[in-house]
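Peer 1: Here you go, protein-v7.cif (mmCIF, C-alpha atoms and all ligand atoms):
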data_work
loop_
_atom_site.group_PDB
_atom_site.id
_atom_site.type_symbol
_atom_site.label_atom_id
_atom_site.label_comp_id
_atom_site.auth_asym_id
_atom_site.auth_seq_id
_atom_site.Cartn_x
_atom_site.Cartn_y
_atom_site.Cartn_z
ATOM 1 C CA MET W 1 71.835 238.587 289.230
ATOM 2 C CA SER W 2 74.251 238.243 292.140
ATOM 3 C CA PRO W 3 76.802 240.947 292.966
ATOM 4 C CA ALA W 4 80.064 240.343 291.113
ATOM 5 C CA SER W 5 82.057 240.076 294.326
ATOM 6 C CA THR W 6 80.147 236.972 295.380
ATOM 7 C CA LEU W 7 80.134 235.228 292.009
ATOM 8 C CA SER W 8 81.101 231.612 292.207
ATOM 9 C CA ILE W 9 84.331 230.851 290.326
ATOM 10 C CA GLY W 10 85.275 227.248 289.600
ATOM 11 C CA ALA W 11 87.370 225.230 287.196
ATOM 12 C CA HIS W 12 87.288 222.344 284.781
ATOM 13 C CA VAL W 13 88.908 219.406 286.581
ATOM 14 C CA ASP W 14 89.678 215.726 286.329
ATOM 15 C CA GLN W 15 86.593 213.582 286.875
ATOM 16 C CA THR W 16 88.023 210.956 289.254
ATOM 17 C CA ASP W 17 87.482 212.987 292.436
ATOM 18 C CA PRO W 18 85.927 216.334 291.567
ATOM 19 C CA ILE W 19 85.322 217.117 295.239
ATOM 20 C CA ALA W 20 89.006 216.791 296.097
ATOM 21 C CA GLU W 21 89.810 218.899 293.011
ATOM 22 C CA ALA W 22 87.405 221.629 294.169
ATOM 23 C CA GLN W 23 88.840 221.564 297.679
ATOM 24 C CA ALA W 24 92.422 221.691 296.384
ATOM 25 C CA ARG W 25 91.456 224.951 294.671
ATOM 26 C CA GLY W 26 89.293 226.319 297.472
ATOM 27 C CA MET W 27 86.423 226.471 294.970
ATOM 28 C CA GLY W 28 82.732 225.747 295.394
ATOM 29 C CA LEU W 29 82.110 224.770 291.796
ATOM 30 C CA VAL W 30 83.719 222.336 289.358
ATOM 31 C CA GLN W 31 83.064 221.079 285.859
ATOM 32 C CA PHE W 32 84.251 217.773 284.456
ATOM 33 C CA PHE W 33 83.610 215.106 281.839
ATOM 34 C CA LEU W 34 81.871 211.825 282.550
ATOM 35 C CA GLY W 35 83.978 209.390 280.572
ATOM 36 C CA ASP W 36 85.855 210.025 277.342
ATOM 37 C CA PRO W 37 85.295 213.531 275.901
ATOM 38 C CA GLN W 38 86.216 212.270 272.423
ATOM 39 C CA GLY W 39 84.344 208.966 272.374
ATOM 40 C CA TYR W 40 80.850 207.641 271.705
ATOM 41 C CA LYS W 41 81.074 205.222 274.595
ATOM 42 C CA GLY W 42 78.463 206.286 277.144
ATOM 43 C CA PRO W 43 79.125 208.276 280.312
ATOM 44 C CA GLU W 44 80.846 206.695 283.278
ATOM 45 C CA VAL W 45 81.176 207.951 286.845
ATOM 46 C CA ARG W 46 84.729 207.308 288.005
ATOM 47 C CA TYR W 47 84.174 208.640 291.515
ATOM 48 C CA ALA W 48 84.958 205.839 293.975
ATOM 49 C CA GLY W 49 81.479 205.505 295.470
ATOM 50 C CA GLY W 50 79.616 205.976 292.184
ATOM 51 C CA ALA W 51 76.953 208.497 291.204
ATOM 52 C CA ALA W 52 74.926 208.480 294.416
ATOM 53 C CA ALA W 53 78.022 208.979 296.575
ATOM 54 C CA LEU W 54 79.271 211.808 294.360
ATOM 55 C CA ARG W 55 75.932 213.545 294.654
ATOM 56 C CA ALA W 56 75.773 213.148 298.434
ATOM 57 C CA ASP W 57 79.405 214.086 299.033
ATOM 58 C CA ALA W 58 79.197 217.176 296.793
ATOM 59 C CA GLU W 59 76.060 218.322 298.581
ATOM 60 C CA ALA W 60 77.658 217.776 301.975
ATOM 61 C CA ALA W 61 80.761 219.695 300.874
ATOM 62 C CA GLY W 62 78.711 222.514 299.332
ATOM 63 C CA ILE W 63 80.190 222.022 295.887
ATOM 64 C CA ASP W 64 78.215 222.625 292.700
ATOM 65 C CA LEU W 65 78.892 220.128 289.914
ATOM 66 C CA TYR W 66 78.617 220.821 286.181
ATOM 67 C CA VAL W 67 79.058 218.168 283.502
ATOM 68 C CA HIS W 68 80.629 218.940 280.139
ATOM 69 C CA ALA W 69 79.263 216.636 277.436
ATOM 70 C CA PRO W 70 81.728 215.020 274.996
ATOM 71 C CA TYR W 71 83.063 217.306 272.266
ATOM 72 C CA ILE W 72 82.027 214.864 269.564
ATOM 73 C CA ILE W 73 78.324 215.391 270.215
ATOM 74 C CA ASN W 74 76.793 217.101 267.203
ATOM 75 C CA VAL W 75 73.008 216.963 267.332
ATOM 76 C CA ALA W 76 72.681 219.511 264.522
ATOM 77 C CA THR W 77 74.355 217.583 261.729
ATOM 78 C CA THR W 78 72.516 216.153 258.725
ATOM 79 C CA ASN W 79 74.796 213.099 258.901
ATOM 80 C CA ASN W 80 72.681 210.322 260.438
ATOM 81 C CA ARG W 81 75.723 208.377 261.516
ATOM 82 C CA ILE W 82 76.784 211.272 263.718
ATOM 83 C CA ARG W 83 73.429 212.805 264.688
ATOM 84 C CA ILE W 84 71.803 209.605 265.923
ATOM 85 C CA PRO W 85 74.638 208.514 268.246
ATOM 86 C CA SER W 86 75.034 212.144 269.326
ATOM 87 C CA ARG W 87 71.425 212.329 270.416
ATOM 88 C CA LYS W 88 71.806 209.066 272.311
ATOM 89 C CA LEU W 89 74.974 210.290 273.996
ATOM 90 C CA LEU W 90 73.276 213.547 274.952
ATOM 91 C CA LYS W 91 70.401 211.665 276.597
ATOM 92 C CA GLN W 92 72.803 209.375 278.440
ATOM 93 C CA HIS W 93 74.789 212.336 279.718
ATOM 94 C CA MET W 94 71.619 214.116 280.762
ATOM 95 C CA ASP W 95 70.575 211.106 282.840
ATOM 96 C CA ALA W 96 74.048 210.742 284.346
ATOM 97 C CA ALA W 97 74.256 214.473 285.129
ATOM 98 C CA ALA W 98 70.923 214.222 286.944
ATOM 99 C CA GLU W 99 72.123 211.180 288.901
ATOM 100 C CA ILE W 100 75.095 213.064 290.308
ATOM 101 C CA GLY W 101 72.934 216.115 291.046
ATOM 102 C CA ALA W 102 74.688 218.351 288.513
ATOM 103 C CA LYS W 103 73.514 221.941 288.152
ATOM 104 C CA GLY W 104 73.836 221.792 284.391
ATOM 105 C CA LEU W 105 75.018 219.858 281.337
ATOM 106 C CA ILE W 106 77.113 221.847 278.874
ATOM 107 C CA VAL W 107 77.084 220.901 275.202
ATOM 108 C CA HIS W 108 78.591 222.552 272.136
ATOM 109 C CA GLY W 109 76.303 223.858 269.420
ATOM 110 C CA GLY W 110 77.698 221.591 266.708
ATOM 111 C CA HIS W 111 77.479 222.248 263.005
ATOM 112 C CA VAL W 112 75.933 221.181 259.721
ATOM 113 C CA ASN W 113 77.919 220.184 256.663
ATOM 114 C CA LYS W 114 79.447 222.846 254.451
ATOM 115 C CA ALA W 115 76.732 222.780 251.787
ATOM 116 C CA ASP W 116 73.816 222.357 254.191
ATOM 117 C CA ASP W 117 71.137 224.928 254.927
ATOM 118 C CA PRO W 118 71.641 225.976 258.564
ATOM 119 C CA ALA W 119 67.856 225.845 259.008
ATOM 120 C CA VAL W 120 68.140 222.052 258.967
ATOM 121 C CA GLY W 121 70.554 222.288 261.872
ATOM 122 C CA PHE W 122 68.159 224.508 263.826
ATOM 123 C CA GLU W 123 65.396 221.959 263.248
ATOM 124 C CA ASN W 124 67.694 219.134 264.352
ATOM 125 C CA TRP W 125 68.400 221.043 267.548
ATOM 126 C CA ARG W 126 64.664 221.339 268.185
ATOM 127 C CA LYS W 127 64.246 217.591 267.679
ATOM 128 C CA ALA W 128 67.155 216.798 269.986
ATOM 129 C CA VAL W 129 65.668 218.916 272.769
ATOM 130 C CA GLU W 130 62.258 217.366 272.197
ATOM 131 C CA ALA W 131 63.737 213.860 272.383
ATOM 132 C CA THR W 132 65.633 214.497 275.616
ATOM 133 C CA ASP W 133 64.128 214.424 279.093
ATOM 134 C CA LEU W 134 65.767 217.559 280.459
ATOM 135 C CA LYS W 135 66.302 216.619 284.083
ATOM 136 C CA VAL W 136 68.929 219.324 284.623
ATOM 137 C CA PRO W 137 69.451 222.520 282.599
ATOM 138 C CA LEU W 138 71.009 221.906 279.196
ATOM 139 C CA LEU W 139 73.464 224.730 278.534
ATOM 140 C CA ILE W 140 74.335 225.247 274.890
ATOM 141 C CA GLU W 141 77.828 226.680 274.462
ATOM 142 C CA ASN W 142 79.111 228.998 271.757
ATOM 143 C CA THR W 143 82.006 227.650 269.694
ATOM 144 C CA ALA W 144 85.060 229.371 268.209
ATOM 145 C CA GLY W 145 84.942 227.781 264.815
ATOM 146 C CA GLY W 146 83.543 224.800 262.995
ATOM 147 C CA GLU W 147 82.496 224.744 259.369
ATOM 148 C CA ASN W 148 78.888 225.999 259.188
ATOM 149 C CA ALA W 149 78.691 226.145 262.985
ATOM 150 C CA MET W 150 75.433 226.522 264.892
ATOM 151 C CA THR W 151 76.699 228.700 267.754
ATOM 152 C CA ARG W 152 79.699 230.668 266.489
ATOM 153 C CA TYR W 153 77.818 233.705 265.209
ATOM 154 C CA LEU W 154 74.891 235.456 266.876
ATOM 155 C CA GLU W 155 72.569 234.971 263.921
ATOM 156 C CA ARG W 156 72.974 231.205 264.225
ATOM 157 C CA ILE W 157 72.558 231.222 268.013
ATOM 158 C CA SER W 158 69.347 233.072 267.320
ATOM 159 C CA GLY W 159 68.249 230.367 264.890
ATOM 160 C CA VAL W 160 68.927 227.593 267.397
ATOM 161 C CA PHE W 161 67.075 229.313 270.226
ATOM 162 C CA ALA W 162 64.146 230.304 268.018
ATOM 163 C CA ALA W 163 63.770 226.666 266.985
ATOM 164 C CA ILE W 164 63.949 225.413 270.572
ATOM 165 C CA GLU W 165 61.507 228.034 271.860
ATOM 166 C CA SER W 166 58.468 226.015 270.824
ATOM 167 C CA THR W 167 59.516 222.838 272.649
ATOM 168 C CA GLU W 168 58.128 221.765 275.977
ATOM 169 C CA GLY W 169 61.563 221.697 277.594
ATOM 170 C CA ALA W 170 62.544 225.178 276.392
ATOM 171 C CA ASP W 171 62.794 226.653 279.879
ATOM 172 C CA MET W 172 65.386 223.998 280.747
ATOM 173 C CA VAL W 173 67.639 225.085 277.870
ATOM 174 C CA GLY W 174 70.133 227.772 278.733
ATOM 175 C CA PHE W 175 73.365 229.249 277.493
ATOM 176 C CA CYS W 176 77.031 228.871 278.372
ATOM 177 C CA LEU W 177 79.151 231.769 277.145
ATOM 178 C CA ASP W 178 82.798 230.918 276.494
ATOM 179 C CA THR W 179 84.930 234.074 276.316
ATOM 180 C CA CYS W 180 87.772 232.444 274.350
ATOM 181 C CA HIS W 181 85.299 231.070 271.823
ATOM 182 C CA ALA W 182 83.462 234.393 271.536
ATOM 183 C CA HIS W 183 86.716 236.286 270.908
ATOM 184 C CA ALA W 184 88.189 233.741 268.509
ATOM 185 C CA GLY W 185 84.782 233.273 266.903
ATOM 186 C CA GLY W 186 84.564 236.954 266.013
ATOM 187 C CA ASN W 187 82.124 238.292 268.616
ATOM 188 C CA ALA W 188 83.275 241.454 270.389
ATOM 189 C CA LEU W 189 83.502 240.857 274.124
ATOM 190 C CA GLU W 190 82.478 244.471 274.716
ATOM 191 C CA THR W 191 78.971 243.693 273.497
ATOM 192 C CA VAL W 192 78.608 239.904 273.521
ATOM 193 C CA VAL W 193 76.770 239.605 276.838
ATOM 194 C CA ALA W 194 74.064 242.062 275.789
ATOM 195 C CA ASP W 195 73.940 240.531 272.312
ATOM 196 C CA VAL W 196 73.489 236.997 273.652
ATOM 197 C CA LEU W 197 70.956 238.069 276.292
ATOM 198 C CA ALA W 198 68.892 239.756 273.585
ATOM 199 C CA ILE W 199 68.639 236.343 271.903
ATOM 200 C CA THR W 200 68.527 233.804 274.719
ATOM 201 C CA GLY W 201 67.287 235.905 277.638
ATOM 202 C CA ARG W 202 69.786 234.089 279.855
ATOM 203 C CA ILE W 203 73.403 233.233 280.442
ATOM 204 C CA ASP W 204 73.638 230.394 282.941
ATOM 205 C CA LEU W 205 77.376 229.876 283.014
ATOM 206 C CA VAL W 206 80.512 231.636 281.784
ATOM 207 C CA HIS W 207 83.540 229.716 280.589
ATOM 208 C CA CYS W 208 86.135 232.359 281.361
ATOM 209 C CA ASN W 209 89.214 231.694 279.273
ATOM 210 C CA ASP W 210 91.830 233.841 277.623
ATOM 211 C CA SER W 211 92.678 233.033 273.989
ATOM 212 C CA ARG W 212 96.041 232.304 272.391
ATOM 213 C CA ASP W 213 94.657 233.468 269.066
ATOM 214 C CA GLU W 214 93.537 236.626 267.320
ATOM 215 C CA PHE W 215 89.999 237.956 267.225
ATOM 216 C CA ASP W 216 87.886 236.058 264.645
ATOM 217 C CA SER W 217 90.696 233.517 264.026
ATOM 218 C CA GLY W 218 88.279 230.606 264.451
ATOM 219 C CA ALA W 219 90.908 228.814 266.553
ATOM 220 C CA ASP W 220 90.097 227.241 269.922
ATOM 221 C CA ARG W 221 93.173 227.444 272.117
ATOM 222 C CA HIS W 222 92.553 228.544 275.695
ATOM 223 C CA ALA W 223 95.116 230.515 277.687
ATOM 224 C CA ASN W 224 95.489 231.481 281.339
ATOM 225 C CA ILE W 225 93.966 234.823 282.336
ATOM 226 C CA GLY W 226 96.255 237.612 281.099
ATOM 227 C CA ALA W 227 98.505 235.208 279.183
ATOM 228 C CA GLY W 228 96.614 235.423 275.891
ATOM 229 C CA ARG W 229 95.230 238.068 273.541
ATOM 230 C CA ILE W 230 92.290 239.264 275.631
ATOM 231 C CA ASP W 231 92.536 242.181 278.052
ATOM 232 C CA PRO W 232 91.901 240.649 281.502
ATOM 233 C CA ASP W 233 89.803 243.668 282.462
ATOM 234 C CA LEU W 234 87.556 242.874 279.524
ATOM 235 C CA LEU W 235 87.217 239.272 280.702
ATOM 236 C CA ALA W 236 86.229 240.558 284.127
ATOM 237 C CA ALA W 237 83.722 242.930 282.548
ATOM 238 C CA VAL W 238 82.086 240.006 280.711
ATOM 239 C CA VAL W 239 81.887 237.999 283.925
ATOM 240 C CA ARG W 240 80.433 240.948 285.825
ATOM 241 C CA GLU W 241 77.885 241.688 283.130
ATOM 242 C CA ALA W 242 76.811 238.073 282.723
ATOM 243 C CA GLY W 243 76.342 237.688 286.479
ATOM 244 C CA ALA W 244 76.520 233.896 286.195
ATOM 245 C CA PRO W 245 78.769 231.283 287.803
ATOM 246 C CA VAL W 246 82.190 230.966 286.176
ATOM 247 C CA VAL W 247 84.228 227.964 285.092
ATOM 248 C CA LEU W 248 87.886 228.430 284.211
ATOM 249 C CA GLU W 249 88.930 226.044 281.441
ATOM 250 C CA THR W 250 92.464 227.318 281.464
ATOM 251 C CA PRO W 251 95.684 225.283 281.166
ATOM 252 C CA GLY W 252 97.418 223.775 284.185
ATOM 253 C CA GLY W 253 96.230 222.364 287.486
ATOM 254 C CA ALA W 254 95.212 223.663 290.885
ATOM 255 C CA ASP W 255 97.958 226.316 291.156
ATOM 256 C CA GLU W 256 97.184 227.856 287.770
ATOM 257 C CA HIS W 257 93.437 227.809 288.398
ATOM 258 C CA VAL W 258 93.845 229.467 291.799
ATOM 259 C CA ALA W 259 96.003 232.173 290.193
ATOM 260 C CA ASP W 260 93.494 232.670 287.365
ATOM 261 C CA ALA W 261 90.594 232.925 289.805
ATOM 262 C CA ALA W 262 92.501 235.456 291.944
ATOM 263 C CA SER W 263 93.400 237.498 288.887
ATOM 264 C CA LEU W 264 89.799 237.530 287.740
ATOM 265 C CA ARG W 265 88.348 238.246 291.160
ATOM 266 C CA SER W 266 90.725 241.179 291.731
ATOM 267 C CA ARG W 267 89.142 242.831 288.683
ATOM 268 C CA LEU W 268 85.500 242.196 289.503
HETATM 269 ZN ZN ZN W 301 84.227 226.195 277.013
#
Could you write out this file's structure as structure tokens?
Peer 2:
Amino acid sequence: MSPASTLSIGAHVDQTDPIAEAQARGMGLVQFFLGDPQGYKGPEVRYAGGAAALRADAEAAGIDLYVHAPYIINVATTNNRIRIPSRKLLKQHMDAAAEIGAKGLIVHGGHVNKADDPAVGFENWRKAVEATDLKVPLLIENTAGGENAMTRYLERISGVFAAIESTEGADMVGFCLDTCHAHAGGNALETVVADVLAITGRIDLVHCNDSRDEFDSGADRHANIGAGRIDPDLLAAVVREAGAPVVLETPGGADEHVADAASLRSRL
């Protein structure tokens, strides 16, 4: 665990030139999508020189890259028409993330259908991990809502990680804690880091976002630090406790992200 004062704080940015986006913010870490976050079309690298150039240029600039997988990926579902393409998309993004030298691939926990036994979702997660060649760490993110969600409540996160534990790639599966999702999902930020660590043993990345919505609302609307319903000191406490790199997924562009990072850092 690194001292809080030296924690790396980055932001979610446009994918066309993530290095320029990082430099515009004075940040050493950025997260972005590869292609359409809402589509099943495979990943694409929009950086001018392609994947190899992005990897080399990021390394030369000292910038850590993280890839956020499309939101539509749901490897847990019992619906074949969603699970099968989701698994394919996950594999494709894993390969693309490795090509650009990403430090991790972030994916949402997904959900099963309303009437489904969540145990089927846990088992589907195990199969998805087994089927994927984990070339970079796969970071499963908690979600704010979702009917019968896999990673909204701690008990479910526990089910997912227990299922994955037996797979060969288990040590390459980590956790991304989103503060907005935890708050809106009904997990107290005062205890969530310890609660998650007791289950997963690791938090690899923090998505540090304020929330426009009430505790346990199930809504997923991010806000700038201090502009939402979460005490900014509490956000800083989560970041400090987690001791992991931070990605701001807050509204706005470079100016807003710089302000959010400064606000957060002043409280660490
Ligand atoms: Zn997030």
Peer 1: Any chance you could tabulate, as a Markdown table, the residues of chain W at most 7 Å from ligand ZN 301 (chain W) with each one's nearest atom pair and distance in Å to one decimal, using only C-alpha atoms and all ligand atoms, in chain and rising number order?
Peer 2:
| residue | atom | partner | partner_atom | distance |
| --- | --- | --- | --- | --- |
| W:Glu141 | CA | W:ZN301 | ZN | 6.9 |
| W:Asp178 | CA | W:ZN301 | ZN | 5.0 |
| W:His207 | CA | W:ZN301 | ZN | 5.1 |
| W:Glu249 | CA | W:ZN301 | ZN | 6.5 |
Peer 1: Which of these, W:Gly101, W:Gly146, W:Gly10, W:Gly228, has the shortest distance to Ala56 (chain W) once you count only C-alpha atoms?
Peer 2: W:Gly101
Peer 1: What is the distance between CA of Ala131 (chain W) and CA of Phe175 (chain W), in Å to one decimal?
Peer 2: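 That distance, rounded to one decimal, is 18.9 Å.
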Peer 1: With region 105-110 of chain W as the partner and 12 Å as the cut-off, tabulate the residues of region 199-250 of chain W that qualify, each row holding the nearest pair of atoms and their distance in Å to one decimal, using only C-alpha atoms, sorted by chain and rising number, as JSON lines.
Peer 2:
{"residue": "W:Asp204", "atom": "CA", "partner": "W:Ile106", "partner_atom": "CA", "distance": 10.1}
{"residue": "W:Leu205", "atom": "CA", "partner": "W:Ile106", "partner_atom": "CA", "distance": 9.0}
{"residue": "W:Val206", "atom": "CA", "partner": "W:Ile106", "partner_atom": "CA", "distance": 10.8}
{"residue": "W:His207", "atom": "CA", "partner": "W:Ile106", "partner_atom": "CA", "distance": 10.3}
{"residue": "W:Val247", "atom": "CA", "partner": "W:Ile106", "partner_atom": "CA", "distance": 11.3}
Peer 1: Which one is closest to Gly28 (chain W): W:Ala61, W:Ala48, W:Val160, W:Gly104? Count all atoms listed in the file.
Peer 2: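 Looking at the shortest contact to Gly28 (chain W), the residue is W:Ala61.
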Peer 1: Contacts of Asp64 (chain W) at 8 Å or less, counting only C-alpha atoms, minus same-chain residues fewer than 4 places along, as a PyMOL selection string?
Peer 2: chain W and resi 28-30+58-59+102-103
Peer 1: Return the single residue from W:His12, W:Arg202, W:Arg126, W:Arg81 that is closest to Leu65 (chain W), with distances computed using all atoms listed in the file.
Peer 2: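 Closest candidate: W:His12.
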Peer 1: Hey, which of W:Ile100, W:Ala128, W:Ala52, W:Ala60 ends up closest to Pro85 (chain W)? Count all atoms listed in the file.
Peer 2: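 When distances to Pro85 (chain W) are compared using all atoms listed in the file, the smallest one comes from W:Ala128.
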Peer 1: Which residue, W:Tyr40, W:Tyr47, W:Tyr66, W:Phe161, has the smallest gap to Lys88 (chain W) when you use all atoms listed in the file?
Peer 2: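 Ranking W:Tyr40, W:Tyr47, W:Tyr66, W:Phe161 by distance to Lys88 (chain W), first place goes to W:Tyr40.
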Peer 1: What does the structure give for the distance between CA of Gln15 (chain W) and CA of Thr179 (chain W), in Å to one decimal?
Peer 2: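 We find that CA of Gln15 (chain W) and CA of Thr179 (chain W) lie 23.1 Å from each other.
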Peer 1: Quick one: distance from CA of Ala69 (chain W) to CA of Pro37 (chain W) in Å, one decimal?
Peer 2: 7.0 Å
Peer 1: Which one of W:Thr143, W:Ser266, W:Asn187, W:Asn79 sits closest to Glu214 (chain W) if you count all atoms listed in the file?
Peer 2: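 Among the listed residues, the smallest separation from Glu214 (chain W) belongs to W:Asn187.
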Peer 1: Using all atoms of region 181-194 of chain W that appear in the file, construct an axis-aligned enclosing box with 6 Å of padding on every side and provide its centre coordinates and edge lengths in Å, rounded to one decimal, as JSON.
Peer 2:
{"center_x": 81.1, "center_y": 237.8, "center_z": 271.4, "size_x": 26.1, "size_y": 25.4, "size_z": 22.8}
Peer 1: Since I can't run it myself right now, could you work out what the PyMOL selection byres (((chain W and resi 240) around 12) and not hetatm) selects here and report it as an MDAnalysis selection string?
Peer 2: chainID W and resid 1:9 190 193:194 203 205:206 208 233:239 241:246 264:268
Peer 1: Deliver the residues from the most recent selection as a file, using C-alpha atoms, as a short mmCIF file (atom, residue, chain, number, x, y, z; two decimals), in the coordinates of the input.
Peer 2:
data_model
loop_
_atom_site.label_atom_id
_atom_site.label_comp_id
_atom_site.auth_asym_id
_atom_site.auth_seq_id
_atom_site.Cartn_x
_atom_site.Cartn_y
_atom_site.Cartn_z
CA MET W 1 71.83 238.59 289.23
CA SER W 2 74.25 238.24 292.14
CA PRO W 3 76.80 240.95 292.97
CA ALA W 4 80.06 240.34 291.11
CA SER W 5 82.06 240.08 294.33
CA THR W 6 80.15 236.97 295.38
CA LEU W 7 80.13 235.23 292.01
CA SER W 8 81.10 231.61 292.21
CA ILE W 9 84.33 230.85 290.33
CA GLU W 190 82.48 244.47 274.72
CA VAL W 193 76.77 239.60 276.84
CA ALA W 194 74.06 242.06 275.79
CA ILE W 203 73.40 233.23 280.44
CA LEU W 205 77.38 229.88 283.01
CA VAL W 206 80.51 231.64 281.78
CA CYS W 208 86.14 232.36 281.36
CA ASP W 233 89.80 243.67 282.46
CA LEU W 234 87.56 242.87 279.52
CA LEU W 235 87.22 239.27 280.70
CA ALA W 236 86.23 240.56 284.13
CA ALA W 237 83.72 242.93 282.55
CA VAL W 238 82.09 240.01 280.71
CA VAL W 239 81.89 238.00 283.92
CA GLU W 241 77.89 241.69 283.13
CA ALA W 242 76.81 238.07 282.72
CA GLY W 243 76.34 237.69 286.48
CA ALA W 244 76.52 233.90 286.20
CA PRO W 245 78.77 231.28 287.80
CA VAL W 246 82.19 230.97 286.18
CA LEU W 264 89.80 237.53 287.74
CA ARG W 265 88.35 238.25 291.16
CA SER W 266 90.72 241.18 291.73
CA ARG W 267 89.14 242.83 288.68
CA LEU W 268 85.50 242.20 289.50
#
Peer 1: Enumerate, as a list of chain:residue names, the residues matched when the PyMOL selection byres (((chain W and resi 93) around 8) and not hetatm) is run on the file above.
Peer 2: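 Taken over the shown coordinates, the PyMOL selection byres (((chain W and resi 93) around 8) and not hetatm) returns W:Leu34, W:Gly42, W:Pro43, W:Ala69, W:Leu89, W:Leu90, W:Lys91, W:Gln92, W:Met94, W:Asp95, W:Ala96, W:Ala97, W:Leu105.
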Peer 1: List, as a PyMOL selection string, every residue that the PyMOL selection byres (((chain W and resi 137) around 6) and not hetatm) selects in the file provided.
Peer 2: chain W and resi 104+136+138+172-173
Peer 1: List every protein, DNA or RNA residue that has an atom no more than 10 Å from (95.2, 225.3, 272.5) in the file's coordinate frame, counting all atoms listed in the file, and report them as an MDAnalysis selection string.
Peer 2: chainID W and resid 211:213 219:223 250:251
